[in-house]
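Okay, structure first, notes after.
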Amino acid sequence: MSMNGAESLVRSLLASEVEVCFTNPGTSEMHFVAALDHVEGMRCVLALHENVATGAADGYYRMKGRPACTLLHLGPGLANGLSNLHNAKKAGSGVVNIVGEHAETHVALEAPLYSDIEGIARPVSGWVHTSHSAADVGADAATAVAEARRAPGQVATLVLPSDTAWNEGGVVAEPQPVPAPEGVSEAAAAEAAALLDGPQTLLLLGQGAVGAENLELAGRIAAKTGCHLLSEWSNAVMERGAGRVMVNRVPYPIDQALELLAPYRNIVLLGAREPIGFFAYPGKPARLTPEGANLYTLADRSRDLDQALAALCAAAGATEVPPAHVAEAHLPEVPEGPMGPDTFAPVLARAIPENAIVVDESITTGRAFFPATAGAAPHAWFNNLGGSIGYSMPCAVGAAIACPDRKVLALTGDGSAMYTPQALWSMARENLNICVVIWANRSYRILRGELSGVGVQNPGPRAMDMLSLDRPAIDFAAQAQSMGVEAEAVTEVEQFQEALARGIEKDGPYLIEAIF
């Protein structure tokens with residue numbers, strides 16, 4: 001049957017199992033919008049800002065394991081979504097970016113919205129391509145999906161000129177095969193296993209190696225060899241909780257990281273990079289490992305990490321050994337005292353429901369959360385790998401759509417929350433099962449610590465004023481209610497416990513503003 005390029009695009013995406021589109025379209029994308037209307041099978045989620053759409057696509061991939069697509073309006077729309085595409089790239093999330101472009105005749109006129117879309121896309125994309133005719137669009141879409149799924153997952157950006165969308169001649173393309181990631185050799189696994197001998201050795205795990213089954217293998221290796229286990233500071237998805245092998249993270253604060261890593265002489269990297277500081281600091285090293293330490297990369301994250309861990313476990317003779325560091329069920333008591341990280345952490349540990357997804361952008365407030373929640377009910381934990389703030393609420397949208405039967409907890413600071421508050425509207429519109437907690441300390445608290453870290457002593461009132469969010473204070477509960485999300489503000493620990501219980505019980509979005 002005859003179809004235009006836009007319809008062939010939608011049908012080809014569906015054939016490649018892309019079933020969700022996070023969208024903020026404009027004029028150049030209207031034929032795609034029309035195709036979405038009459039081709040069954042694609043769920044369309046409207047976002048009021050492109051950074052919500054791109055962040056949602058990141059969260060969707062983390063839980064689903066296959067990409068969603070975005071639909072963005074020309075170069076400025078893509079630019080609005082770059083921050084969370086940067087985070088998706090660092091997380092190894094597969095995203096199919098569809099970006100509208102002017103028709104060829106309009107590009108030649110240097111129209112007001114014309115820009116170098118491919119140039120904008122390249123820094124965050126593993127693959128960038130522009131369709132040149134309606135007949136090409138379907139095949140280009142299938143290629144984009146295959147590229148997005150290339151291990152460990154990457155952003156694939158397809159630029160769609162409007163005339164290729166509206167012209168007839170579209171052809172539906174079959175899915176393309178995705179290259180399987182390579183494993184590691186027995187010899188490499190044996191070499192790595194020989195390095196893991198005793199407490200001065202470390203197995204450092206990265207994204208793809210911190211699922212429950214892989215953590216169990218790592219626990220067996222630790223039990224057999226006596227090596228220590230750590231993960232990178234940020235992980236796209238880590239499976240945690242009672243009954244799972246507990247792995248601590250390399251700390252974010254550079255002095256703490258240097259102290260923790262100082263004893264290790266042999267470090268085997270599996271899905272992880274060499275530990276480095278998040279920022280450069282005067283007089284402090286960028287590399288966090290001790291001078292003279294031997295770093296051995298068994299597998300980077302483009303490899304088959306399931307196979308690599310299994311091979312390492314076999315090479316260590318640990319296949320039948322009970323795993324070490326299995327977390328026992330433990331719900332810490334909530335201490336008396338004012339609202340703050342030390343009281344929030346045990347409240348969270350007691351409240352996390354089984355199989356929950358925790359999307360963490362707590363930054364300073366959240367540094368106490370990991371140890372306290374180790375023995376909570378089994379759950380998945382997301383971190384921001386790219387460091388560009390405003391990821392948590394959009395990411396929670398995508399995770400909730402990928403896993404509608406699981407409760408999503410989005411934990412974020414008040415500074416971060418103001419980057420993408422439009423996500424609340426999408427949560428309400430889609431009635432998503434998300435409980436948002438905003439830690440409202442009325443400041444960019446992380447940056448106060450960074451001032452000291454870079455050697456700025458005794459900052460003056462103007463410097464401190466740039467780190468303050470209390471003039472005026474933001475009413476997040478009222479903001480959420482205005483976008484259709486039930487919300488409340490709390491100032492006491494007991495209030496917070498009760499509010500969190502309500503938010504988790506509610507079937508739909510709920511927001512808690514924890515003021516401290």
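By convention here, the chains of the structure tokens are called A, B, ... in the order presented, each chain's residues are numbered starting at 1, and ligands are numbered starting at 1 in the order presented.
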**Selection near Gly81 (chain A), 9 Å with only C-alpha atoms, sequence-local residues under 2 positions removed, as a ChimeraX atom specification** = /A:49-55,72,76-79,83-86
Writer output for current selection, N, CA, C and O atoms, as a CSV table (one decimal), in the first residue's frame:
```
chain,number,residue,atom,x,y,z
A,49,HIS,N,8.5,19.8,28.1
A,49,HIS,CA,9.9,20.3,27.8
A,49,HIS,C,10.7,19.1,27.3
A,49,HIS,O,10.5,18.0,27.7
A,50,GLU,N,11.5,19.4,26.3
A,50,GLU,CA,12.3,18.3,25.7
A,50,GLU,C,13.2,17.6,26.6
A,50,GLU,O,13.4,16.4,26.4
A,51,ASN,N,13.7,18.2,27.6
A,51,ASN,CA,14.6,17.5,28.6
A,51,ASN,C,13.8,16.5,29.4
A,51,ASN,O,14.4,15.6,29.9
A,52,VAL,N,12.5,16.7,29.5
A,52,VAL,CA,11.7,15.6,30.1
A,52,VAL,C,11.6,14.4,29.2
A,52,VAL,O,11.7,13.3,29.6
A,53,ALA,N,11.4,14.7,27.9
A,53,ALA,CA,11.2,13.6,26.9
A,53,ALA,C,12.5,12.8,26.9
A,53,ALA,O,12.5,11.5,26.9
A,54,THR,N,13.7,13.4,26.8
A,54,THR,CA,14.9,12.7,26.7
A,54,THR,C,15.3,12.0,27.9
A,54,THR,O,15.7,10.8,27.9
A,55,GLY,N,15.0,12.6,29.1
A,55,GLY,CA,15.2,11.9,30.4
A,55,GLY,C,14.3,10.7,30.6
A,55,GLY,O,14.7,9.7,31.1
A,72,LEU,N,11.5,15.4,18.6
A,72,LEU,CA,11.9,16.7,19.0
A,72,LEU,C,11.8,17.7,17.8
A,72,LEU,O,12.0,17.3,16.7
A,76,PRO,N,16.7,23.7,17.9
A,76,PRO,CA,16.4,24.2,19.3
A,76,PRO,C,15.7,23.2,20.2
A,76,PRO,O,16.0,23.1,21.4
A,77,GLY,N,14.8,22.4,19.6
A,77,GLY,CA,14.2,21.4,20.5
A,77,GLY,C,15.2,20.3,20.9
A,77,GLY,O,15.2,19.9,22.1
A,78,LEU,N,16.0,19.9,20.0
A,78,LEU,CA,17.1,19.0,20.3
A,78,LEU,C,18.0,19.6,21.4
A,78,LEU,O,18.4,18.9,22.4
A,79,ALA,N,18.4,20.8,21.2
A,79,ALA,CA,19.2,21.5,22.2
A,79,ALA,C,18.6,21.5,23.6
A,79,ALA,O,19.3,21.3,24.6
A,83,SER,N,20.8,18.0,27.8
A,83,SER,CA,21.3,17.7,29.1
A,83,SER,C,21.0,16.3,29.5
A,83,SER,O,21.9,15.5,30.0
A,84,ASN,N,19.8,15.8,29.3
A,84,ASN,CA,19.5,14.4,29.6
A,84,ASN,C,19.9,13.4,28.6
A,84,ASN,O,20.1,12.2,28.9
A,85,LEU,N,20.2,13.9,27.4
A,85,LEU,CA,20.8,13.0,26.4
A,85,LEU,C,22.3,12.8,26.8
A,85,LEU,O,22.8,11.7,26.6
A,86,HIS,N,22.9,13.8,27.3
A,86,HIS,CA,24.3,13.6,27.9
A,86,HIS,C,24.2,12.5,29.0
A,86,HIS,O,25.1,11.6,29.0
```
Can you list every residue in region 142-388 of chain A that DSSP puts in helix (DSSP H, G or I), as a tab-separated table (two decimals) with N, CA, C and O atoms, in the first residue's frame?
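File written: out_39.tsv
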```tsv
chain	number	residue	atom	x	y	z
A	142	ALA	N	15.14	1.56	11.04
A	142	ALA	CA	15.60	0.25	11.50
A	142	ALA	C	17.07	0.29	11.88
A	142	ALA	O	17.49	-0.32	12.88
A	143	THR	N	17.86	1.02	11.10
A	143	THR	CA	19.29	1.17	11.43
A	143	THR	C	19.45	1.92	12.75
A	143	THR	O	20.29	1.56	13.59
A	144	ALA	N	18.65	2.97	12.95
A	144	ALA	CA	18.74	3.75	14.19
A	144	ALA	C	18.47	2.88	15.40
A	144	ALA	O	19.16	2.98	16.42
A	145	VAL	N	17.46	2.01	15.32
A	145	VAL	CA	17.14	1.14	16.45
A	145	VAL	C	18.29	0.17	16.72
A	145	VAL	O	18.69	-0.03	17.87
A	146	ALA	N	18.84	-0.41	15.65
A	146	ALA	CA	19.95	-1.34	15.83
A	146	ALA	C	21.15	-0.64	16.46
A	146	ALA	O	21.84	-1.20	17.33
A	147	GLU	N	21.40	0.60	16.03
A	147	GLU	CA	22.53	1.35	16.59
A	147	GLU	C	22.27	1.72	18.06
A	147	GLU	O	23.18	1.71	18.88
A	148	ALA	N	21.03	2.07	18.40
A	148	ALA	CA	20.71	2.39	19.78
A	148	ALA	C	20.90	1.19	20.69
A	148	ALA	O	21.23	1.34	21.87
A	162	SER	N	11.12	17.46	6.79
A	162	SER	CA	9.66	17.35	6.70
A	162	SER	C	9.19	16.86	5.34
A	162	SER	O	8.15	16.18	5.26
A	163	ASP	N	9.93	17.14	4.26
A	163	ASP	CA	9.48	16.64	2.96
A	163	ASP	C	9.67	15.14	2.84
A	163	ASP	O	8.90	14.46	2.15
A	164	THR	N	10.68	14.57	3.53
A	164	THR	CA	10.80	13.11	3.52
A	164	THR	C	9.67	12.47	4.32
A	164	THR	O	9.34	11.31	4.11
A	165	ALA	N	9.09	13.23	5.24
A	165	ALA	CA	7.96	12.73	6.02
A	165	ALA	C	6.66	12.80	5.23
A	165	ALA	O	5.84	11.87	5.28
A	166	TRP	N	6.44	13.89	4.48
A	166	TRP	CA	5.14	14.02	3.82
A	166	TRP	C	5.10	13.42	2.42
A	166	TRP	O	4.03	13.10	1.91
A	186	GLU	N	39.17	-17.31	28.29
A	186	GLU	CA	39.52	-18.02	29.52
A	186	GLU	C	40.87	-17.54	30.05
A	186	GLU	O	41.06	-17.42	31.27
A	187	ALA	N	41.80	-17.23	29.13
A	187	ALA	CA	43.13	-16.78	29.55
A	187	ALA	C	43.05	-15.43	30.26
A	187	ALA	O	43.71	-15.21	31.29
A	188	ALA	N	42.24	-14.52	29.72
A	188	ALA	CA	42.08	-13.20	30.35
A	188	ALA	C	41.42	-13.34	31.72
A	188	ALA	O	41.82	-12.67	32.69
A	189	ALA	N	40.40	-14.19	31.81
A	189	ALA	CA	39.74	-14.41	33.09
A	189	ALA	C	40.70	-15.01	34.11
A	189	ALA	O	40.70	-14.63	35.30
A	190	ALA	N	41.54	-15.95	33.66
A	190	ALA	CA	42.50	-16.56	34.57
A	190	ALA	C	43.53	-15.54	35.05
A	190	ALA	O	43.93	-15.54	36.23
A	191	GLU	N	43.96	-14.64	34.15
A	191	GLU	CA	44.92	-13.60	34.54
A	191	GLU	C	44.30	-12.66	35.58
A	191	GLU	O	44.96	-12.28	36.56
A	192	ALA	N	43.03	-12.30	35.36
A	192	ALA	CA	42.36	-11.43	36.33
A	192	ALA	C	42.17	-12.14	37.66
A	192	ALA	O	42.38	-11.55	38.74
A	193	ALA	N	41.78	-13.41	37.63
A	193	ALA	CA	41.57	-14.16	38.87
A	193	ALA	C	42.85	-14.26	39.69
A	193	ALA	O	42.83	-14.19	40.92
A	194	ALA	N	44.00	-14.39	39.00
A	194	ALA	CA	45.28	-14.50	39.71
A	194	ALA	C	45.63	-13.20	40.45
A	194	ALA	O	46.36	-13.23	41.43
A	195	LEU	N	45.09	-12.06	39.96
A	195	LEU	CA	45.36	-10.78	40.61
A	195	LEU	C	44.51	-10.56	41.86
A	195	LEU	O	44.84	-9.72	42.69
A	212	ALA	N	21.34	-8.38	40.11
A	212	ALA	CA	21.34	-9.34	41.22
A	212	ALA	C	22.17	-10.58	40.92
A	212	ALA	O	22.96	-11.04	41.75
A	213	GLU	N	22.03	-11.15	39.72
A	213	GLU	CA	22.75	-12.38	39.40
A	213	GLU	C	24.25	-12.15	39.30
A	213	GLU	O	25.06	-12.95	39.77
A	214	ASN	N	24.63	-11.02	38.69
A	214	ASN	CA	26.06	-10.73	38.58
A	214	ASN	C	26.67	-10.39	39.94
A	214	ASN	O	27.82	-10.73	40.22
A	215	LEU	N	25.91	-9.70	40.78
A	215	LEU	CA	26.41	-9.42	42.12
A	215	LEU	C	26.62	-10.71	42.91
A	215	LEU	O	27.56	-10.82	43.70
A	216	GLU	N	25.77	-11.70	42.69
A	216	GLU	CA	25.97	-12.98	43.36
A	216	GLU	C	27.28	-13.63	42.92
A	216	GLU	O	28.02	-14.17	43.74
A	217	LEU	N	27.57	-13.56	41.62
A	217	LEU	CA	28.84	-14.09	41.13
A	217	LEU	C	30.01	-13.33	41.76
A	217	LEU	O	31.01	-13.94	42.17
A	218	ALA	N	29.90	-12.00	41.84
A	218	ALA	CA	30.95	-11.21	42.46
A	218	ALA	C	31.12	-11.60	43.93
A	218	ALA	O	32.25	-11.66	44.44
A	219	GLY	N	30.01	-11.85	44.62
A	219	GLY	CA	30.09	-12.29	46.01
A	219	GLY	C	30.80	-13.63	46.16
A	219	GLY	O	31.53	-13.84	47.13
A	220	ARG	N	30.59	-14.53	45.20
A	220	ARG	CA	31.29	-15.82	45.24
A	220	ARG	C	32.80	-15.62	45.05
A	220	ARG	O	33.61	-16.25	45.72
A	221	ILE	N	33.14	-14.73	44.12
A	221	ILE	CA	34.56	-14.44	43.87
A	221	ILE	C	35.21	-13.86	45.12
A	221	ILE	O	36.32	-14.24	45.51
A	222	ALA	N	34.51	-12.93	45.78
A	222	ALA	CA	35.05	-12.32	47.00
A	222	ALA	C	35.22	-13.36	48.11
A	222	ALA	O	36.22	-13.35	48.85
A	223	ALA	N	34.25	-14.25	48.23
A	223	ALA	CA	34.34	-15.29	49.26
A	223	ALA	C	35.52	-16.22	49.02
A	223	ALA	O	36.20	-16.64	49.97
A	224	LYS	N	35.79	-16.53	47.78
A	224	LYS	CA	36.88	-17.46	47.44
A	224	LYS	C	38.24	-16.81	47.54
A	224	LYS	O	39.20	-17.41	48.07
A	225	THR	N	38.38	-15.58	47.03
A	225	THR	CA	39.69	-14.96	46.90
A	225	THR	C	40.05	-14.03	48.04
A	225	THR	O	41.24	-13.70	48.23
A	254	ILE	N	36.38	13.53	47.12
A	254	ILE	CA	37.67	13.03	46.64
A	254	ILE	C	38.55	12.53	47.78
A	254	ILE	O	39.22	11.50	47.65
A	255	ASP	N	38.55	13.21	48.91
A	255	ASP	CA	39.39	12.77	50.02
A	255	ASP	C	38.95	11.42	50.55
A	255	ASP	O	39.79	10.56	50.89
A	256	GLN	N	37.64	11.21	50.62
A	256	GLN	CA	37.14	9.91	51.07
A	256	GLN	C	37.50	8.81	50.08
A	256	GLN	O	37.86	7.68	50.46
A	257	ALA	N	37.40	9.12	48.77
A	257	ALA	CA	37.74	8.13	47.76
A	257	ALA	C	39.22	7.76	47.80
A	257	ALA	O	39.58	6.57	47.71
A	258	LEU	N	40.07	8.75	47.94
A	258	LEU	CA	41.51	8.49	48.02
A	258	LEU	C	41.84	7.60	49.21
A	258	LEU	O	42.64	6.65	49.11
A	259	GLU	N	41.21	7.87	50.34
A	259	GLU	CA	41.46	7.07	51.54
A	259	GLU	C	40.97	5.64	51.36
A	259	GLU	O	41.65	4.67	51.74
A	260	LEU	N	39.78	5.48	50.78
A	260	LEU	CA	39.22	4.13	50.61
A	260	LEU	C	40.04	3.29	49.65
A	260	LEU	O	40.24	2.09	49.86
A	261	LEU	N	40.53	3.90	48.56
A	261	LEU	CA	41.23	3.13	47.53
A	261	LEU	C	42.72	2.96	47.83
A	261	LEU	O	43.40	2.18	47.15
A	305	LEU	N	29.19	-8.60	29.84
A	305	LEU	CA	29.62	-8.62	31.24
A	305	LEU	C	29.07	-9.82	32.00
A	305	LEU	O	29.69	-10.27	32.97
A	306	ASP	N	27.93	-10.34	31.58
A	306	ASP	CA	27.43	-11.57	32.20
A	306	ASP	C	28.44	-12.70	31.98
A	306	ASP	O	28.80	-13.42	32.93
A	307	GLN	N	28.88	-12.83	30.74
A	307	GLN	CA	29.87	-13.88	30.42
A	307	GLN	C	31.19	-13.62	31.13
A	307	GLN	O	31.83	-14.55	31.64
A	308	ALA	N	31.60	-12.35	31.19
A	308	ALA	CA	32.88	-12.02	31.80
A	308	ALA	C	32.89	-12.37	33.29
A	308	ALA	O	33.87	-12.94	33.79
A	309	LEU	N	31.81	-12.06	34.00
A	309	LEU	CA	31.76	-12.39	35.42
A	309	LEU	C	31.69	-13.90	35.64
A	309	LEU	O	32.32	-14.43	36.56
A	310	ALA	N	30.93	-14.59	34.80
A	310	ALA	CA	30.86	-16.05	34.92
A	310	ALA	C	32.23	-16.67	34.66
A	310	ALA	O	32.64	-17.61	35.37
A	311	ALA	N	32.95	-16.14	33.67
A	311	ALA	CA	34.29	-16.67	33.36
A	311	ALA	C	35.26	-16.39	34.51
A	311	ALA	O	36.08	-17.25	34.87
A	312	LEU	N	35.17	-15.20	35.10
A	312	LEU	CA	36.04	-14.86	36.22
A	312	LEU	C	35.73	-15.73	37.43
A	312	LEU	O	36.64	-16.20	38.13
A	313	CYS	N	34.46	-15.97	37.66
A	313	CYS	CA	34.05	-16.82	38.78
A	313	CYS	C	34.59	-18.24	38.60
A	313	CYS	O	35.11	-18.85	39.55
A	314	ALA	N	34.49	-18.75	37.39
A	314	ALA	CA	35.01	-20.10	37.11
A	314	ALA	C	36.52	-20.14	37.26
A	314	ALA	O	37.08	-21.08	37.84
A	315	ALA	N	37.21	-19.11	36.74
A	315	ALA	CA	38.67	-19.08	36.81
A	315	ALA	C	39.16	-19.00	38.25
A	315	ALA	O	40.23	-19.52	38.59
A	341	PRO	N	19.53	14.37	56.64
A	341	PRO	CA	19.96	13.10	56.03
A	341	PRO	C	19.96	11.93	56.98
A	341	PRO	O	19.58	10.82	56.60
A	342	ASP	N	20.37	12.14	58.23
A	342	ASP	CA	20.47	11.02	59.17
A	342	ASP	C	19.12	10.48	59.61
A	342	ASP	O	19.03	9.34	60.07
A	343	THR	N	18.08	11.29	59.51
A	343	THR	CA	16.74	10.79	59.82
A	343	THR	C	16.01	10.35	58.55
A	343	THR	O	15.21	9.41	58.59
A	344	PHE	N	16.28	10.99	57.42
A	344	PHE	CA	15.64	10.58	56.17
A	344	PHE	C	16.04	9.15	55.80
A	344	PHE	O	15.22	8.37	55.33
A	345	ALA	N	17.33	8.81	55.98
A	345	ALA	CA	17.84	7.52	55.52
A	345	ALA	C	17.10	6.34	56.13
A	345	ALA	O	16.62	5.45	55.41
A	346	PRO	N	16.96	6.25	57.47
A	346	PRO	CA	16.23	5.11	58.03
A	346	PRO	C	14.74	5.12	57.69
A	346	PRO	O	14.12	4.05	57.56
A	347	VAL	N	14.15	6.30	57.53
A	347	VAL	CA	12.74	6.36	57.12
A	347	VAL	C	12.59	5.73	55.73
A	347	VAL	O	11.67	4.93	55.48
A	348	LEU	N	13.48	6.07	54.82
A	348	LEU	CA	13.45	5.48	53.48
A	348	LEU	C	13.63	3.97	53.54
A	348	LEU	O	12.92	3.21	52.87
A	349	ALA	N	14.62	3.52	54.34
A	349	ALA	CA	14.89	2.09	54.43
A	349	ALA	C	13.66	1.31	54.87
A	349	ALA	O	13.38	0.22	54.37
A	350	ARG	N	12.91	1.88	55.78
A	350	ARG	CA	11.71	1.20	56.29
A	350	ARG	C	10.55	1.28	55.31
A	350	ARG	O	9.63	0.46	55.36
A	351	ALA	N	10.58	2.26	54.41
A	351	ALA	CA	9.42	2.51	53.55
A	351	ALA	C	9.54	1.90	52.16
A	351	ALA	O	8.51	1.67	51.52
A	365	THR	N	22.17	15.37	50.23
A	365	THR	CA	21.27	14.73	51.21
A	365	THR	C	21.35	13.22	51.12
A	365	THR	O	21.20	12.52	52.13
A	366	GLY	N	21.61	12.68	49.95
A	366	GLY	CA	21.54	11.24	49.75
A	366	GLY	C	22.77	10.45	50.11
A	366	GLY	O	22.76	9.22	50.00
A	367	ARG	N	23.82	11.11	50.56
A	367	ARG	CA	25.05	10.36	50.84
A	367	ARG	C	24.90	9.39	52.00
A	367	ARG	O	25.67	8.44	52.14
A	368	ALA	N	23.89	9.60	52.85
A	368	ALA	CA	23.66	8.68	53.97
A	368	ALA	C	22.71	7.55	53.60
A	368	ALA	O	22.48	6.65	54.41
A	369	PHE	N	22.14	7.58	52.40
A	369	PHE	CA	21.07	6.65	52.07
A	369	PHE	C	21.56	5.23	51.79
A	369	PHE	O	20.89	4.25	52.13
A	370	PHE	N	22.69	5.09	51.14
A	370	PHE	CA	23.10	3.78	50.66
A	370	PHE	C	23.32	2.78	51.79
A	370	PHE	O	22.76	1.68	51.76
A	371	PRO	N	24.12	3.12	52.81
A	371	PRO	CA	24.31	2.13	53.90
A	371	PRO	C	23.00	1.80	54.61
A	371	PRO	O	22.75	0.63	54.93
A	372	ALA	N	22.17	2.79	54.84
A	372	ALA	CA	20.94	2.56	55.60
A	372	ALA	C	19.95	1.69	54.86
A	372	ALA	O	19.15	0.97	55.48
```
**Message:** Please list as a PyMOL selection string every residue within 10 Å of Glu174 (chain A), counting only C-alpha atoms and excluding residues in the same chain fewer than 5 positions away.
**Reply:** chain A and resi 11-16+138-139+141-143
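By only C-alpha atoms, and with residues fewer than 3 positions from Pro67 (chain A) along its chain excluded, the set lying at most 6 Å from it is Tyr61, Gly94 and Val95 of chain A.
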**Asked** Contacts of Arg287 (chain A) at 7 Å or less, counting only C-alpha atoms, minus same-chain residues fewer than 4 places along, as a ChimeraX atom specification?
**Response** /A:275-277
Prev. selection, N, CA, C and O atoms, output as a PDB file, in the first residue's frame:
```
ATOM      1  N   PRO A 275      38.978   4.691  38.352  1.00  0.00           N
ATOM      2  CA  PRO A 275      38.357   5.713  39.203  1.00  0.00           C
ATOM      3  C   PRO A 275      39.072   7.062  39.069  1.00  0.00           C
ATOM      4  O   PRO A 275      40.289   7.146  39.221  1.00  0.00           O
ATOM      5  N   ILE A 276      38.293   8.094  38.789  1.00  0.00           N
ATOM      6  CA  ILE A 276      38.825   9.452  38.710  1.00  0.00           C
ATOM      7  C   ILE A 276      37.896  10.376  39.493  1.00  0.00           C
ATOM      8  O   ILE A 276      36.740  10.050  39.750  1.00  0.00           O
ATOM      9  N   GLY A 277      38.398  11.544  39.863  1.00  0.00           N
ATOM     10  CA  GLY A 277      37.576  12.516  40.555  1.00  0.00           C
ATOM     11  C   GLY A 277      36.522  13.103  39.628  1.00  0.00           C
ATOM     12  O   GLY A 277      36.731  13.209  38.410  1.00  0.00           O
TER      13      GLY A 277
END
```
**Complete:** CA of Ala374 (chain A) sits from CA of Lys64 (chain A) at a separation of 24.0 Å
**Asked** Pick the closest to Thr364 (chain A) from A:Gly243, A:Pro285, A:Gly413, A:Pro459: which is it, counting only C-alpha atoms?
**Response**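 Ranked by minimum distance to Thr364 (chain A), first place goes to A:Gly413.
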**Request:** Quick one: pull the distance between CA of Ile98 (chain A) and CA of Pro123 (chain A), Å, one decimal.
**Result:** 15.9 Å
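Going from CA of Leu71 (chain A) to CA of Ser131 (chain A) covers 14.9 Å.
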**Request:** Considering only C-alpha atoms, state which residue in the set A:Glu333, A:Asp58, A:Glu505, A:Glu291 is at the smallest distance from Ile352 (chain A).
**Result:**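 Among the listed residues, the smallest separation from Ile352 (chain A) belongs to A:Glu505.
Near Gly206 (chain A), within 8 Å and counting only C-alpha atoms, sit Leu204, Gly208, Ala209, Val210, Ser231, Glu232, Asn235, Leu269, Leu270, Gly271, Ala272, Arg273 and Arg301 of chain A, not including residues fewer than 2 positions from it in the same chain.
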**Prompt:** Met30 (chain A): which residues within 12 Å, counting only C-alpha atoms, same-chain residues fewer than 5 positions away excluded, as a VMD selection string?
**Reply:** chain A and resid 6 to 7 23 to 25 35 to 37 71 to 73 99 to 102 160 to 163 165 to 166
Store the residues of this selection in a file with N, CA, C and O atoms, as a short mmCIF file (atom, residue, chain, number, x, y, z; two decimals), in the first residue's frame.
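Saved file selection.cif follows:
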```
data_model
loop_
_atom_site.label_atom_id
_atom_site.label_comp_id
_atom_site.auth_asym_id
_atom_site.auth_seq_id
_atom_site.Cartn_x
_atom_site.Cartn_y
_atom_site.Cartn_z
N ALA A 6 6.62 9.41 6.87
CA ALA A 6 6.33 9.42 8.30
C ALA A 6 5.65 8.13 8.72
O ALA A 6 5.98 7.56 9.78
N GLU A 7 4.71 7.66 7.94
CA GLU A 7 4.03 6.41 8.30
C GLU A 7 4.99 5.24 8.24
O GLU A 7 4.96 4.34 9.11
N THR A 23 7.46 12.74 23.45
CA THR A 23 7.38 13.70 22.37
C THR A 23 7.14 15.13 22.83
O THR A 23 6.44 15.37 23.81
N ASN A 24 7.75 16.06 22.11
CA ASN A 24 7.45 17.48 22.20
C ASN A 24 7.58 18.03 20.78
O ASN A 24 8.61 18.59 20.42
N PRO A 25 6.55 17.84 19.94
CA PRO A 25 6.70 18.11 18.51
C PRO A 25 6.43 19.56 18.14
O PRO A 25 5.92 20.35 18.94
N ALA A 35 0.84 10.36 11.66
CA ALA A 35 1.05 8.92 11.50
C ALA A 35 0.86 8.19 12.83
O ALA A 35 0.28 7.10 12.88
N LEU A 36 1.33 8.81 13.91
CA LEU A 36 1.12 8.21 15.23
C LEU A 36 -0.36 8.07 15.55
O LEU A 36 -0.78 7.16 16.26
N ASP A 37 -1.16 8.98 14.99
CA ASP A 37 -2.60 8.98 15.27
C ASP A 37 -3.31 7.81 14.61
O ASP A 37 -4.27 7.28 15.16
N LEU A 71 10.62 12.49 20.03
CA LEU A 71 10.29 13.31 18.86
C LEU A 71 10.50 14.76 19.26
O LEU A 71 9.80 15.27 20.14
N LEU A 72 11.49 15.39 18.64
CA LEU A 72 11.93 16.73 19.04
C LEU A 72 11.85 17.67 17.85
O LEU A 72 11.99 17.25 16.69
N HIS A 73 11.67 18.94 18.12
CA HIS A 73 11.41 19.94 17.09
C HIS A 73 12.68 20.69 16.70
O HIS A 73 13.16 21.56 17.43
N VAL A 99 14.46 13.75 15.19
CA VAL A 99 14.50 15.21 15.22
C VAL A 99 14.02 15.74 13.88
O VAL A 99 14.59 15.41 12.83
N GLY A 100 12.97 16.55 13.92
CA GLY A 100 12.46 17.13 12.69
C GLY A 100 13.44 18.13 12.10
O GLY A 100 14.23 18.76 12.80
N GLU A 101 13.35 18.29 10.79
CA GLU A 101 14.17 19.26 10.06
C GLU A 101 13.30 19.93 9.01
O GLU A 101 12.28 19.38 8.57
N HIS A 102 13.69 21.13 8.61
CA HIS A 102 12.99 21.80 7.52
C HIS A 102 13.08 20.97 6.24
O HIS A 102 14.02 20.18 6.05
N LEU A 160 14.88 13.99 10.46
CA LEU A 160 13.80 13.72 9.52
C LEU A 160 13.33 15.02 8.86
O LEU A 160 12.49 15.74 9.42
N PRO A 161 13.85 15.38 7.68
CA PRO A 161 13.34 16.54 6.96
C PRO A 161 11.85 16.39 6.67
O PRO A 161 11.38 15.28 6.35
N SER A 162 11.12 17.46 6.79
CA SER A 162 9.66 17.35 6.70
C SER A 162 9.19 16.86 5.34
O SER A 162 8.15 16.18 5.26
N ASP A 163 9.93 17.14 4.26
CA ASP A 163 9.48 16.64 2.96
C ASP A 163 9.67 15.14 2.84
O ASP A 163 8.90 14.46 2.15
N ALA A 165 9.09 13.23 5.24
CA ALA A 165 7.96 12.73 6.02
C ALA A 165 6.66 12.80 5.23
O ALA A 165 5.84 11.87 5.28
N TRP A 166 6.44 13.89 4.48
CA TRP A 166 5.14 14.02 3.82
C TRP A 166 5.10 13.42 2.42
O TRP A 166 4.03 13.10 1.91
#
```
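Distances here use only C-alpha atoms; by that measure, the residue among A:Ala376, A:Ile401, A:Leu74, A:Ala151 closest to Glu19 (chain A) is A:Ile401.
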**Message:** I'd like to know which of A:Pro253, A:Gly41, A:Gly460, A:Pro353 is closest to Leu500 (chain A), using only C-alpha atoms.
**Reply:**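 Nearest candidate to Leu500 (chain A) out of A:Pro253, A:Gly41, A:Gly460, A:Pro353: A:Pro353.
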